[in-house]
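> What follows is the file input01.cif, containing mmCIF, C-alpha atoms:
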```cif
data_protein
#
loop_
_atom_site.group_PDB
_atom_site.id
_atom_site.type_symbol
_atom_site.label_atom_id
_atom_site.label_comp_id
_atom_site.auth_asym_id
_atom_site.auth_seq_id
_atom_site.Cartn_x
_atom_site.Cartn_y
_atom_site.Cartn_z
ATOM 1 C CA MET A 13 -25.942 -16.188 7.713
ATOM 2 C CA ALA A 14 -24.530 -16.529 4.201
ATOM 3 C CA LYS A 15 -24.986 -13.384 2.099
ATOM 4 C CA ILE A 16 -26.515 -15.093 -0.923
ATOM 5 C CA GLU A 17 -29.670 -13.085 -1.725
ATOM 6 C CA PRO A 18 -28.237 -10.770 -4.424
ATOM 7 C CA PHE A 19 -26.429 -13.690 -6.059
ATOM 8 C CA GLN A 20 -29.608 -15.760 -6.099
ATOM 9 C CA LYS A 21 -31.622 -12.927 -7.643
ATOM 10 C CA HIS A 22 -29.048 -11.502 -10.046
ATOM 11 C CA THR A 23 -26.969 -14.428 -11.299
ATOM 12 C CA ILE A 24 -27.196 -13.314 -14.930
ATOM 13 C CA LYS A 25 -26.255 -9.739 -14.060
ATOM 14 C CA TYR A 26 -23.271 -11.046 -12.085
ATOM 15 C CA ASP A 27 -21.991 -12.953 -15.110
ATOM 16 C CA ARG A 28 -22.649 -10.008 -17.422
ATOM 17 C CA TRP A 29 -20.219 -7.852 -15.412
ATOM 18 C CA PHE A 30 -17.325 -10.043 -16.545
ATOM 19 C CA GLU A 31 -18.345 -9.629 -20.179
ATOM 20 C CA GLU A 32 -18.744 -5.857 -19.876
ATOM 21 C CA ASN A 33 -15.420 -5.503 -18.006
ATOM 22 C CA LYS A 34 -13.406 -8.119 -19.868
ATOM 23 C CA PHE A 35 -10.030 -6.383 -19.502
ATOM 24 C CA THR A 36 -10.490 -5.878 -15.764
ATOM 25 C CA TYR A 37 -11.516 -9.529 -15.449
ATOM 26 C CA GLN A 38 -8.554 -10.806 -17.461
ATOM 27 C CA SER A 39 -6.168 -8.582 -15.504
ATOM 28 C CA GLU A 40 -7.388 -10.148 -12.264
ATOM 29 C CA ILE A 41 -6.916 -13.635 -13.693
ATOM 30 C CA ASN A 42 -3.395 -12.715 -14.806
ATOM 31 C CA ALA A 43 -2.491 -11.522 -11.301
ATOM 32 C CA ILE A 44 -3.774 -14.757 -9.748
ATOM 33 C CA LYS A 45 -1.945 -16.893 -12.318
ATOM 34 C CA GLU A 46 1.384 -15.363 -11.308
ATOM 35 C CA LEU A 47 1.008 -16.854 -7.838
ATOM 36 C CA ILE A 48 -0.710 -20.170 -8.528
ATOM 37 C CA PRO A 49 1.577 -23.152 -7.908
ATOM 38 C CA GLN A 50 1.259 -26.537 -9.531
ATOM 39 C CA PHE A 51 -1.533 -28.446 -7.836
ATOM 40 C CA LYS A 52 -3.331 -31.772 -7.886
ATOM 41 C CA ASN A 53 -6.244 -31.154 -5.532
ATOM 42 C CA ALA A 54 -7.722 -27.653 -5.422
ATOM 43 C CA VAL A 55 -10.957 -26.011 -4.323
ATOM 44 C CA GLU A 56 -12.357 -22.499 -4.735
ATOM 45 C CA ILE A 57 -14.325 -21.207 -1.758
ATOM 46 C CA GLY A 58 -17.179 -19.003 -2.970
ATOM 47 C CA VAL A 59 -16.809 -20.350 -6.488
ATOM 48 C CA GLY A 60 -19.824 -18.379 -7.707
ATOM 49 C CA SER A 61 -20.614 -19.181 -11.331
ATOM 50 C CA GLY A 62 -17.104 -20.489 -11.975
ATOM 51 C CA LYS A 63 -15.747 -17.391 -13.733
ATOM 52 C CA PHE A 64 -12.369 -17.741 -12.018
ATOM 53 C CA ALA A 65 -12.204 -21.490 -11.428
ATOM 54 C CA VAL A 66 -12.574 -22.369 -15.108
ATOM 55 C CA PRO A 67 -9.671 -20.306 -16.544
ATOM 56 C CA LEU A 68 -7.484 -21.234 -13.568
ATOM 57 C CA GLY A 69 -8.042 -24.965 -14.015
ATOM 58 C CA ILE A 70 -9.890 -25.573 -10.735
ATOM 59 C CA LYS A 71 -12.627 -28.185 -11.042
ATOM 60 C CA PHE A 72 -14.205 -28.094 -7.584
ATOM 61 C CA GLY A 73 -15.893 -25.365 -5.571
ATOM 62 C CA ILE A 74 -17.884 -24.508 -2.455
ATOM 63 C CA GLU A 75 -20.811 -22.117 -2.938
ATOM 64 C CA PRO A 76 -23.864 -21.296 -0.770
ATOM 65 C CA SER A 77 -26.023 -19.875 -3.590
ATOM 66 C CA GLU A 78 -27.957 -22.580 -5.419
ATOM 67 C CA LYS A 79 -28.276 -20.549 -8.630
ATOM 68 C CA MET A 80 -24.561 -19.811 -8.640
ATOM 69 C CA ARG A 81 -23.800 -23.509 -8.066
ATOM 70 C CA ASN A 82 -26.003 -24.411 -11.009
ATOM 71 C CA ALA A 83 -24.196 -21.891 -13.231
ATOM 72 C CA ALA A 84 -20.811 -23.272 -12.156
ATOM 73 C CA GLN A 85 -21.925 -26.823 -12.815
ATOM 74 C CA LYS A 86 -22.894 -25.856 -16.356
ATOM 75 C CA ARG A 87 -19.275 -24.738 -16.782
ATOM 76 C CA GLY A 88 -18.003 -28.130 -15.664
ATOM 77 C CA ILE A 89 -17.295 -27.316 -12.010
ATOM 78 C CA GLU A 90 -18.239 -29.848 -9.343
ATOM 79 C CA THR A 91 -19.873 -27.893 -6.523
ATOM 80 C CA VAL A 92 -20.893 -28.462 -2.923
ATOM 81 C CA ASN A 93 -23.249 -26.321 -0.847
ATOM 82 C CA GLY A 94 -21.346 -24.693 1.989
ATOM 83 C CA ILE A 95 -19.897 -21.546 3.550
ATOM 84 C CA ALA A 96 -16.315 -20.494 4.220
ATOM 85 C CA GLU A 97 -16.828 -20.378 7.986
ATOM 86 C CA ASN A 98 -17.830 -24.064 8.066
ATOM 87 C CA ILE A 99 -16.292 -25.780 5.052
ATOM 88 C CA PRO A 100 -17.882 -29.238 4.596
ATOM 89 C CA LEU A 101 -14.599 -30.919 3.625
ATOM 90 C CA GLU A 102 -12.035 -33.136 5.305
ATOM 91 C CA SER A 103 -8.942 -31.712 6.979
ATOM 92 C CA LYS A 104 -5.522 -31.720 5.304
ATOM 93 C CA ASN A 105 -6.960 -32.712 1.930
ATOM 94 C CA PHE A 106 -6.061 -29.891 -0.504
ATOM 95 C CA ASP A 107 -2.813 -28.463 -1.818
ATOM 96 C CA LEU A 108 -4.508 -25.265 -3.065
ATOM 97 C CA VAL A 109 -7.467 -23.217 -1.832
ATOM 98 C CA LEU A 110 -8.620 -20.217 -3.878
ATOM 99 C CA MET A 111 -10.866 -17.353 -2.774
ATOM 100 C CA VAL A 112 -11.604 -14.450 -5.149
ATOM 101 C CA THR A 113 -13.747 -11.417 -4.216
ATOM 102 C CA THR A 114 -15.396 -13.577 -1.576
ATOM 103 C CA LEU A 115 -13.640 -11.994 1.396
ATOM 104 C CA CYS A 116 -15.966 -8.977 1.578
ATOM 105 C CA PHE A 117 -19.058 -11.198 1.858
ATOM 106 C CA LEU A 118 -17.859 -13.322 4.785
ATOM 107 C CA ASP A 119 -19.509 -13.114 8.197
ATOM 108 C CA ASP A 120 -16.387 -14.156 10.123
ATOM 109 C CA VAL A 121 -13.116 -13.789 8.205
ATOM 110 C CA GLN A 122 -10.910 -15.193 10.972
ATOM 111 C CA LYS A 123 -13.021 -18.332 11.250
ATOM 112 C CA ALA A 124 -13.059 -18.708 7.463
ATOM 113 C CA PHE A 125 -9.259 -18.415 7.240
ATOM 114 C CA SER A 126 -8.899 -20.985 10.028
ATOM 115 C CA GLU A 127 -11.160 -23.338 8.070
ATOM 116 C CA VAL A 128 -9.039 -22.846 4.950
ATOM 117 C CA TYR A 129 -5.944 -23.640 7.029
ATOM 118 C CA ARG A 130 -7.641 -26.797 8.330
ATOM 119 C CA ILE A 131 -8.454 -28.274 4.910
ATOM 120 C CA LEU A 132 -5.007 -27.537 3.437
ATOM 121 C CA LYS A 133 -2.270 -30.122 3.445
ATOM 122 C CA PRO A 134 0.935 -29.106 5.261
ATOM 123 C CA GLY A 135 2.804 -26.809 2.876
ATOM 124 C CA GLY A 136 -0.357 -26.130 0.875
ATOM 125 C CA PHE A 137 -1.241 -22.696 -0.475
ATOM 126 C CA PHE A 138 -4.127 -20.299 0.070
ATOM 127 C CA ILE A 139 -4.595 -17.678 -2.666
ATOM 128 C CA ASN A 140 -6.939 -14.802 -1.885
ATOM 129 C CA GLY A 141 -7.838 -12.094 -4.410
ATOM 130 C CA PHE A 142 -9.779 -9.039 -3.205
ATOM 131 C CA VAL A 143 -10.367 -5.313 -3.658
ATOM 132 C CA ASP A 144 -8.360 -3.358 -1.063
ATOM 133 C CA LYS A 145 -10.649 -0.964 0.803
ATOM 134 C CA ASN A 146 -7.974 1.756 0.804
ATOM 135 C CA SER A 147 -7.459 1.610 -2.959
ATOM 136 C CA ASN A 148 -9.113 3.959 -5.435
ATOM 137 C CA LEU A 149 -11.624 1.324 -6.488
ATOM 138 C CA GLY A 150 -12.202 0.226 -2.902
ATOM 139 C CA LYS A 151 -13.072 3.799 -1.945
ATOM 140 C CA ILE A 152 -15.481 4.085 -4.886
ATOM 141 C CA TYR A 153 -17.203 0.817 -3.984
ATOM 142 C CA GLN A 154 -17.612 1.942 -0.380
ATOM 143 C CA LYS A 155 -18.865 5.415 -1.314
ATOM 144 C CA TYR A 156 -21.584 4.046 -3.568
ATOM 145 C CA LYS A 157 -22.190 0.681 -1.897
ATOM 146 C CA GLU A 158 -25.812 1.457 -0.988
ATOM 147 C CA LYS A 159 -26.566 1.786 -4.705
ATOM 148 C CA SER A 160 -24.887 -1.512 -5.599
ATOM 149 C CA ILE A 161 -26.883 -4.723 -5.883
ATOM 150 C CA PHE A 162 -23.936 -6.784 -4.699
ATOM 151 C CA TYR A 163 -21.681 -4.539 -2.629
ATOM 152 C CA LYS A 164 -24.322 -2.976 -0.370
ATOM 153 C CA ILE A 165 -23.978 -6.055 1.848
ATOM 154 C CA ALA A 166 -20.165 -6.151 1.613
ATOM 155 C CA THR A 167 -17.494 -5.351 4.197
ATOM 156 C CA PHE A 168 -14.197 -4.338 2.629
ATOM 157 C CA TYR A 169 -10.744 -4.922 4.126
ATOM 158 C CA SER A 170 -7.328 -3.384 3.678
ATOM 159 C CA THR A 171 -4.351 -5.518 2.703
ATOM 160 C CA GLU A 172 -2.865 -4.906 6.158
ATOM 161 C CA GLU A 173 -6.033 -6.243 7.798
ATOM 162 C CA VAL A 174 -5.959 -9.350 5.617
ATOM 163 C CA ILE A 175 -2.283 -9.932 6.470
ATOM 164 C CA TYR A 176 -3.159 -9.711 10.173
ATOM 165 C CA LEU A 177 -5.991 -12.217 9.783
ATOM 166 C CA LEU A 178 -3.830 -14.634 7.787
ATOM 167 C CA ASP A 179 -1.167 -14.460 10.480
ATOM 168 C CA GLY A 180 -3.823 -15.156 13.104
ATOM 169 C CA ALA A 181 -4.844 -18.315 11.255
ATOM 170 C CA GLY A 182 -1.237 -19.559 11.165
ATOM 171 C CA PHE A 183 -0.266 -18.767 7.583
ATOM 172 C CA LYS A 184 3.282 -17.810 6.555
ATOM 173 C CA ASN A 185 5.456 -16.998 3.506
ATOM 174 C CA LEU A 186 3.142 -14.352 2.073
ATOM 175 C CA GLN A 187 3.610 -13.167 -1.515
ATOM 176 C CA PHE A 188 1.726 -10.330 -3.208
ATOM 177 C CA ARG A 189 0.570 -9.239 -6.631
ATOM 178 C CA GLN A 190 -1.522 -6.222 -7.605
ATOM 179 C CA THR A 191 -3.376 -4.966 -10.648
ATOM 180 C CA ILE A 192 -6.208 -2.584 -11.658
ATOM 181 C CA PHE A 193 -4.619 0.847 -11.553
ATOM 182 C CA GLN A 194 -7.517 2.704 -13.207
ATOM 183 C CA PRO A 195 -11.305 2.774 -12.758
ATOM 184 C CA PRO A 196 -12.830 -0.205 -14.651
ATOM 185 C CA ASP A 197 -14.657 2.106 -17.088
ATOM 186 C CA LYS A 198 -11.298 3.585 -18.135
ATOM 187 C CA ILE A 199 -9.629 0.231 -18.758
ATOM 188 C CA LYS A 200 -9.355 -0.479 -22.493
ATOM 189 C CA ASN A 201 -6.586 -3.087 -22.337
ATOM 190 C CA GLU A 202 -5.258 -5.602 -19.845
ATOM 191 C CA GLU A 203 -3.684 -3.876 -16.865
ATOM 192 C CA PRO A 204 -0.116 -4.700 -15.794
ATOM 193 C CA VAL A 205 0.565 -6.993 -12.848
ATOM 194 C CA LYS A 206 3.097 -5.807 -10.266
ATOM 195 C CA GLU A 207 4.630 -7.324 -7.169
ATOM 196 C CA GLY A 208 3.614 -5.967 -3.777
ATOM 197 C CA TYR A 209 0.558 -3.895 -2.907
ATOM 198 C CA ASP A 210 -0.493 -0.265 -2.156
ATOM 199 C CA GLU A 211 -0.882 0.777 -5.817
ATOM 200 C CA GLY A 212 -3.349 -1.562 -7.477
ATOM 201 C CA SER A 213 -6.971 -1.893 -6.393
ATOM 202 C CA PHE A 214 -7.051 -5.669 -6.837
ATOM 203 C CA VAL A 215 -4.602 -7.482 -4.552
ATOM 204 C CA VAL A 216 -3.693 -11.164 -4.575
ATOM 205 C CA ILE A 217 -2.020 -12.747 -1.566
ATOM 206 C CA ARG A 218 -0.498 -16.207 -1.611
ATOM 207 C CA ALA A 219 -0.037 -17.663 1.868
ATOM 208 C CA GLN A 220 1.359 -21.053 2.878
ATOM 209 C CA LYS A 221 0.337 -23.463 5.614
#
```
How does the structure come out when it is put into structure tokens?

Amino acid sequence: MAKIEPFQKHTIKYDRWFEENKFTYQSEINAIKELIPQFKNAVEIGVGSGKFAVPLGIKFGIEPSEKMRNAAQKRGIETVNGIAENIPLESKNFDLVLMVTTLCFLDDVQKAFSEVYRILKPGGFFINGFVDKNSNLGKIYQKYKEKSIFYKIATFYSTEEVIYLLDGAGFKNLQFRQTIFQPPDKIKNEEPVKEGYDEGSFVVIRAQK
């Protein structure tokens, strides 16, 4: 069952977070940009309101929340109703699949990763950005998740767990970037982007089919 209720009810509040945390948001975009290859046919799974797709040049997204789809469409994103565990798209059709902060809302991560693998062309790339559960921010989100509109329904994963799941789906050639080294309320400028993981709270993994 897709976890869409908080996104249906609080679409405006979701978007407002990016405005109130603009340096955190831009830092995450910067980390993703370092790993994005040239592409012709791309899709974001869990596109939300399009806050990542638009600056990254992705014009198409899958999203189960109707209100989020409507918000993305207003930003020029073509959207289709669907979930990551059963992507309503043809196999071997995309050279890039993006997923950002969607991981923690999935019901079956292994199935979702296998679906991403299915729709990618041979040699295509899957880029996944998420908050590592073992990071400082991940620990804060988990500690206070019951008080969070969005994260109380979330399940967080460590980078090592995500690597294991990517391997299980058949992915290879993993590359890593990390950012967000302070709590968001302390961030007054764009955070640096570093290779690897284990330091930054926001981790980006690029994996290849």
> Taking the file above as input, evaluate the PyMOL selection byres ((chain A and resi 44-48) around 12) and report the hits as a ChimeraX atom specification.
/A:37-43,49-52,54,64-65,67-70,107-113,136-142,186-191,204-208,214-220
> Nearest to Glu173 of chain A among A:Ala84, A:Val59, A:Leu115, A:Leu101, with distances taken over only C-alpha atoms: which residue is it?
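Between A:Ala84, A:Val59, A:Leu115, A:Leu101, the residue approaching Glu173 of chain A most closely is A:Leu115.
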> Check the smallest atom-to-atom distance from each of A:Phe183, A:Gly135, A:Gly62, A:Ser103 to Asn82 of chain A using all atoms listed in the file, then report the winner.
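Of all the options, A:Gly62 lies closest to Asn82 of chain A.
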> Which polymer residues, whether protein, DNA or RNA, lie within 8 Å of the coordinate (-20.1, -18.0, -6.1) when you count all atoms listed in the file? List them as a ChimeraX atom specification, using the chain letters and numbers from the file.
/A:19,57-62,74-77,80-81,114
> Got a sec to resolve the PyMOL selection byres ((chain A and resi 124-127) around 6) on this structure and send the residues as a list in words?
Ala96, Glu97, Val121, Gln122, Lys123, Val128, Tyr129, Arg130 and Ala181 of chain A
> Just give me the gap between atom CA of Trp29 of chain A and atom CA of Asp197 of chain A in Å, one decimal is fine.
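Atom-to-atom, atom CA of Trp29 of chain A to atom CA of Asp197 of chain A, that is 11.5 Å.
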> Just checking: using only C-alpha atoms, which residue out of A:Asn185, A:Asp210, A:Glu78, A:Phe117 ends up closest to Thr167 of chain A?
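Residue with the minimum atom-to-atom distance to Thr167 of chain A: A:Phe117.
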